[in-house]
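> This one is entry.pdb, PDB, C-alpha atoms, pLDDT in the B column.
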ATOM      1  CA  MET A   1      34.326   7.435 -22.501  1.00 48.00           C
ATOM      2  CA  ARG A   2      31.207   9.550 -22.744  1.00 47.00           C
ATOM      3  CA  PHE A   3      29.172   6.582 -24.022  1.00 41.00           C
ATOM      4  CA  HIS A   4      30.339   4.494 -21.055  1.00 41.00           C
ATOM      5  CA  VAL A   5      29.136   7.142 -18.579  1.00 39.00           C
ATOM      6  CA  LEU A   6      25.764   7.354 -20.314  1.00 39.00           C
ATOM      7  CA  ALA A   7      25.405   3.563 -20.349  1.00 41.00           C
ATOM      8  CA  VAL A   8      26.235   3.306 -16.644  1.00 40.00           C
ATOM      9  CA  THR A   9      23.827   6.133 -15.825  1.00 42.00           C
ATOM     10  CA  ALA A  10      21.040   4.502 -17.837  1.00 43.00           C
ATOM     11  CA  ALA A  11      21.649   1.142 -16.168  1.00 41.00           C
ATOM     12  CA  THR A  12      21.648   2.753 -12.732  1.00 41.00           C
ATOM     13  CA  LEU A  13      18.371   4.525 -13.424  1.00 41.00           C
ATOM     14  CA  ALA A  14      16.806   1.314 -14.731  1.00 42.00           C
ATOM     15  CA  LEU A  15      17.817  -0.594 -11.622  1.00 40.00           C
ATOM     16  CA  ALA A  16      16.646   2.200  -9.336  1.00 43.00           C
ATOM     17  CA  GLY A  17      13.053   1.339 -10.236  1.00 43.00           C
ATOM     18  CA  VAL A  18      13.396  -2.320  -9.271  1.00 41.00           C
ATOM     19  CA  PRO A  19      13.060  -1.798  -5.500  1.00 46.00           C
ATOM     20  CA  THR A  20      10.020   0.403  -6.119  1.00 53.00           C
ATOM     21  CA  LEU A  21       8.367  -2.322  -8.172  1.00 53.00           C
ATOM     22  CA  ALA A  22       9.266  -4.910  -5.540  1.00 59.00           C
ATOM     23  CA  ARG A  23       7.809  -2.729  -2.775  1.00 59.00           C
ATOM     24  CA  ALA A  24       4.606  -2.248  -4.756  1.00 59.00           C
ATOM     25  CA  ALA A  25       4.319  -6.006  -5.263  1.00 72.00           C
ATOM     26  CA  ASP A  26       4.947  -6.597  -1.560  1.00 90.00           C
ATOM     27  CA  GLY A  27       2.312  -4.008  -0.632  1.00 92.00           C
ATOM     28  CA  ALA A  28      -0.196  -5.678  -2.956  1.00 94.00           C
ATOM     29  CA  ALA A  29       0.564  -9.128  -1.531  1.00 94.00           C
ATOM     30  CA  LEU A  30       0.217  -7.907   2.048  1.00 94.00           C
ATOM     31  CA  TYR A  31      -3.018  -6.101   1.202  1.00 94.00           C
ATOM     32  CA  LYS A  32      -4.446  -9.221  -0.433  1.00 95.00           C
ATOM     33  CA  SER A  33      -3.513 -11.437   2.501  1.00 93.00           C
ATOM     34  CA  LYS A  34      -4.452  -9.075   5.340  1.00 93.00           C
ATOM     35  CA  CYS A  35      -6.919  -6.461   4.079  1.00 93.00           C
ATOM     36  CA  ALA A  36      -8.843  -7.712   1.054  1.00 94.00           C
ATOM     37  CA  MET A  37     -11.121  -9.971   3.080  1.00 92.00           C
ATOM     38  CA  CYS A  38     -12.784  -6.841   4.472  1.00 92.00           C
ATOM     39  CA  HIS A  39     -11.872  -3.963   2.146  1.00 94.00           C
ATOM     40  CA  GLY A  40     -12.218  -6.090  -1.004  1.00 95.00           C
ATOM     41  CA  GLU A  41      -9.673  -6.995  -3.677  1.00 95.00           C
ATOM     42  CA  THR A  42     -10.224  -3.672  -5.427  1.00 95.00           C
ATOM     43  CA  GLY A  43     -10.801  -1.624  -2.265  1.00 96.00           C
ATOM     44  CA  LYS A  44     -14.537  -1.268  -2.875  1.00 97.00           C
ATOM     45  CA  ALA A  45     -15.541  -2.908   0.453  1.00 96.00           C
ATOM     46  CA  ASP A  46     -17.790  -5.251  -1.490  1.00 95.00           C
ATOM     47  CA  THR A  47     -17.274  -8.325   0.678  1.00 93.00           C
ATOM     48  CA  PRO A  48     -19.742  -9.895   3.108  1.00 94.00           C
ATOM     49  CA  ALA A  49     -17.388  -8.991   5.974  1.00 91.00           C
ATOM     50  CA  ALA A  50     -17.294  -5.367   4.811  1.00 92.00           C
ATOM     51  CA  LYS A  51     -21.055  -5.143   4.727  1.00 91.00           C
ATOM     52  CA  GLY A  52     -21.415  -6.752   8.144  1.00 92.00           C
ATOM     53  CA  MET A  53     -18.785  -4.559   9.797  1.00 92.00           C
ATOM     54  CA  LYS A  54     -19.591  -1.392   7.814  1.00 92.00           C
ATOM     55  CA  VAL A  55     -16.045  -1.229   6.462  1.00 93.00           C
ATOM     56  CA  PRO A  56     -15.368   1.909   4.419  1.00 92.00           C
ATOM     57  CA  ALA A  57     -14.333   1.583   0.806  1.00 95.00           C
ATOM     58  CA  LEU A  58     -10.763   2.541   0.043  1.00 96.00           C
ATOM     59  CA  ALA A  59     -11.301   2.909  -3.705  1.00 96.00           C
ATOM     60  CA  GLY A  60     -12.022   6.542  -4.468  1.00 95.00           C
ATOM     61  CA  ASN A  61     -11.647   7.585  -0.825  1.00 96.00           C
ATOM     62  CA  ALA A  62     -10.261  11.139  -1.052  1.00 96.00           C
ATOM     63  CA  GLU A  63      -9.480  11.249   2.669  1.00 96.00           C
ATOM     64  CA  VAL A  64      -7.237   8.179   2.465  1.00 96.00           C
ATOM     65  CA  ALA A  65      -5.678   9.352  -0.800  1.00 96.00           C
ATOM     66  CA  GLY A  66      -4.745  12.691   0.775  1.00 96.00           C
ATOM     67  CA  MET A  67      -3.287  11.332   4.014  1.00 95.00           C
ATOM     68  CA  SER A  68       0.418  11.153   4.646  1.00 95.00           C
ATOM     69  CA  ASP A  69       1.805   7.636   4.970  1.00 92.00           C
ATOM     70  CA  ALA A  70       2.542   8.294   8.657  1.00 95.00           C
ATOM     71  CA  ASP A  71      -1.028   9.434   9.338  1.00 96.00           C
ATOM     72  CA  LEU A  72      -2.502   6.460   7.508  1.00 95.00           C
ATOM     73  CA  ILE A  73      -0.253   4.033   9.397  1.00 94.00           C
ATOM     74  CA  ALA A  74      -1.320   5.648  12.686  1.00 95.00           C
ATOM     75  CA  LYS A  75      -4.976   5.353  11.673  1.00 94.00           C
ATOM     76  CA  ILE A  76      -4.499   1.669  10.818  1.00 93.00           C
ATOM     77  CA  LYS A  77      -2.760   1.013  14.140  1.00 93.00           C
ATOM     78  CA  GLU A  78      -5.413   2.746  16.252  1.00 94.00           C
ATOM     79  CA  ASN A  79      -8.366   0.980  14.582  1.00 92.00           C
ATOM     80  CA  LYS A  80      -9.458  -1.978  16.736  1.00 91.00           C
ATOM     81  CA  LYS A  81     -10.843  -3.711  13.629  1.00 89.00           C
ATOM     82  CA  HIS A  82      -7.267  -3.994  12.363  1.00 90.00           C
ATOM     83  CA  ALA A  83      -6.136  -6.430  15.062  1.00 86.00           C
ATOM     84  CA  ALA A  84      -4.931  -8.844  12.359  1.00 80.00           C
ATOM     85  CA  LEU A  85      -2.344  -6.247  11.360  1.00 85.00           C
ATOM     86  CA  LYS A  86      -0.690  -6.091  14.792  1.00 87.00           C
ATOM     87  CA  SER A  87       1.757  -8.763  13.620  1.00 88.00           C
ATOM     88  CA  LEU A  88       3.027  -6.557  10.790  1.00 91.00           C
ATOM     89  CA  SER A  89       6.178  -4.504  11.154  1.00 92.00           C
ATOM     90  CA  ASP A  90       6.120  -0.763  10.585  1.00 91.00           C
ATOM     91  CA  ALA A  91       7.840  -1.368   7.249  1.00 93.00           C
ATOM     92  CA  ASP A  92       5.082  -3.785   6.216  1.00 93.00           C
ATOM     93  CA  LEU A  93       2.409  -1.333   7.382  1.00 94.00           C
ATOM     94  CA  ALA A  94       4.058   1.322   5.219  1.00 94.00           C
ATOM     95  CA  LEU A  95       3.791  -1.020   2.213  1.00 94.00           C
ATOM     96  CA  VAL A  96       0.114  -1.707   2.948  1.00 94.00           C
ATOM     97  CA  ALA A  97      -0.562   2.005   3.452  1.00 94.00           C
ATOM     98  CA  GLY A  98       1.086   2.831   0.142  1.00 94.00           C
ATOM     99  CA  TYR A  99      -1.004   0.226  -1.637  1.00 94.00           C
ATOM    100  CA  ALA A 100      -4.207   1.445   0.076  1.00 95.00           C
ATOM    101  CA  LYS A 101      -3.430   5.011  -0.972  1.00 95.00           C
ATOM    102  CA  GLY A 102      -3.010   3.774  -4.533  1.00 95.00           C
ATOM    103  CA  LEU A 103      -6.452   2.187  -4.400  1.00 95.00           C
ATOM    104  CA  ALA A 104      -7.884   5.363  -2.891  1.00 96.00           C
ATOM    105  CA  SER A 105      -6.434   7.561  -5.602  1.00 94.00           C
ATOM    106  CA  GLY A 106      -7.384   5.206  -8.423  1.00 88.00           C
ATOM    107  CA  LYS A 107      -3.815   4.198  -9.310  1.00 73.00           C
TER     108      LYS A 107
END
Written as structure tokens, how would this file's structure read?

Amino acid sequence: MRFHVLAVTAATLALAGVPTLARAADGAALYKSKCAMCHGETGKADTPAAKGMKVPALAGNAEVAGMSDADLIAKIKENKKHAALKSLSDADLALVAGYAKGLASGK
């Protein structure tokens, strides 16, 4: 009986990480389709659009890394240069913000 409880607990814990991995993949896909053209694939703002629009780098950006998700989402929403993101839901913006924070913190 004890083995069964341990096996179920281990399986539950293993599956608990699946949504997290899926969310991370979704955040990366959204970033690549909506943000990378300006902020760059790696967040270094090394694209022609970034240089022309003076887009800040996300990679290594301590301010972005230290922001709460809610504050980063608000900052994204209020930035007029982010008009392409108006079509995203708040849930999608949260995924993008999480991915951007990962780039900012070097993860």
> Determine the residue membership of the PyMOL selection byres ((chain A and resi 103) around 8) for the file above and supply it as a PyMOL selection string.
chain A and resi 42-43+58-60+99-102+104-107
> Rounded to one decimal, what separation in Å do you get between CA of Leu85 (chain A) and CA of Ser33 (chain A)?
10.3 Å
> Report as a PDB file with C-alpha atoms, in the coordinates of the input all protein, DNA and RNA residues lying within 10 Å of Ser68 (chain A), evaluated on only C-alpha atoms, omitting residues in the same chain fewer than 4 positions from it.

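After the write, selection_3.pdb holds the following:
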ATOM      1  CA  VAL A  64      -7.237   8.179   2.465  1.00 96.00           C
ATOM      2  CA  LEU A  72      -2.502   6.460   7.508  1.00 95.00           C
ATOM      3  CA  ILE A  73      -0.253   4.033   9.397  1.00 94.00           C
ATOM      4  CA  ALA A  74      -1.320   5.648  12.686  1.00 95.00           C
ATOM      5  CA  ALA A  97      -0.562   2.005   3.452  1.00 94.00           C
ATOM      6  CA  GLY A  98       1.086   2.831   0.142  1.00 94.00           C
ATOM      7  CA  LYS A 101      -3.430   5.011  -0.972  1.00 95.00           C
TER       8      LYS A 101
END
> Given 3 Å of margin on each side, can you work out the centre and size in Å (one decimal) of an axis-aligned box holding every listed atom of region 73-76 of chain A, as AutoDock Vina command-line options?

--center_x -2.6 --center_y 3.7 --center_z 11.0 --size_x 10.7 --size_y 10.0 --size_z 9.3
> From the set A:Met67, A:Ala25, A:Val55, A:Asn79, which residue has the shortest atom-to-atom contact distance to Met37 (chain A), counting all atoms listed in the file?
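With all atoms listed in the file as the atom set, the closest residue is A:Val55.
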> Which residue, A:Val96, A:Ala91, A:Asp46, A:Glu63, has the smallest gap to Lys32 (chain A) when you use only C-alpha atoms?
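The answer is A:Val96, which sits nearest to Lys32 (chain A).
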> What does the structure give for the distance between CA of Glu41 (chain A) and CA of Asp26 (chain A), in Å to one decimal?
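Rounded to one decimal, the two atoms are 14.8 Å apart.
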> Region 18-58 of chain A near region 80-83 of chain A within 10 Å: what's each residue's closest atom pair and its distance in Å to one decimal, counting all atoms listed in the file, ordered by chain then ascending residue number, as JSON lines?

{"residue": "A:Lys34", "atom": "CA", "partner": "A:His82", "partner_atom": "CA", "distance": 9.1}
{"residue": "A:Cys35", "atom": "CA", "partner": "A:His82", "partner_atom": "CA", "distance": 8.7}
{"residue": "A:Cys38", "atom": "CA", "partner": "A:Lys81", "partner_atom": "CA", "distance": 9.9}
{"residue": "A:Met53", "atom": "CA", "partner": "A:Lys81", "partner_atom": "CA", "distance": 8.9}
{"residue": "A:Val55", "atom": "CA", "partner": "A:Lys81", "partner_atom": "CA", "distance": 9.2}
> One decimal, in Å: what's the spacing between CA of Ala45 (chain A) and CA of Ser89 (chain A)?
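Going from CA of Ala45 (chain A) over to CA of Ser89 (chain A), I get 24.3 Å.
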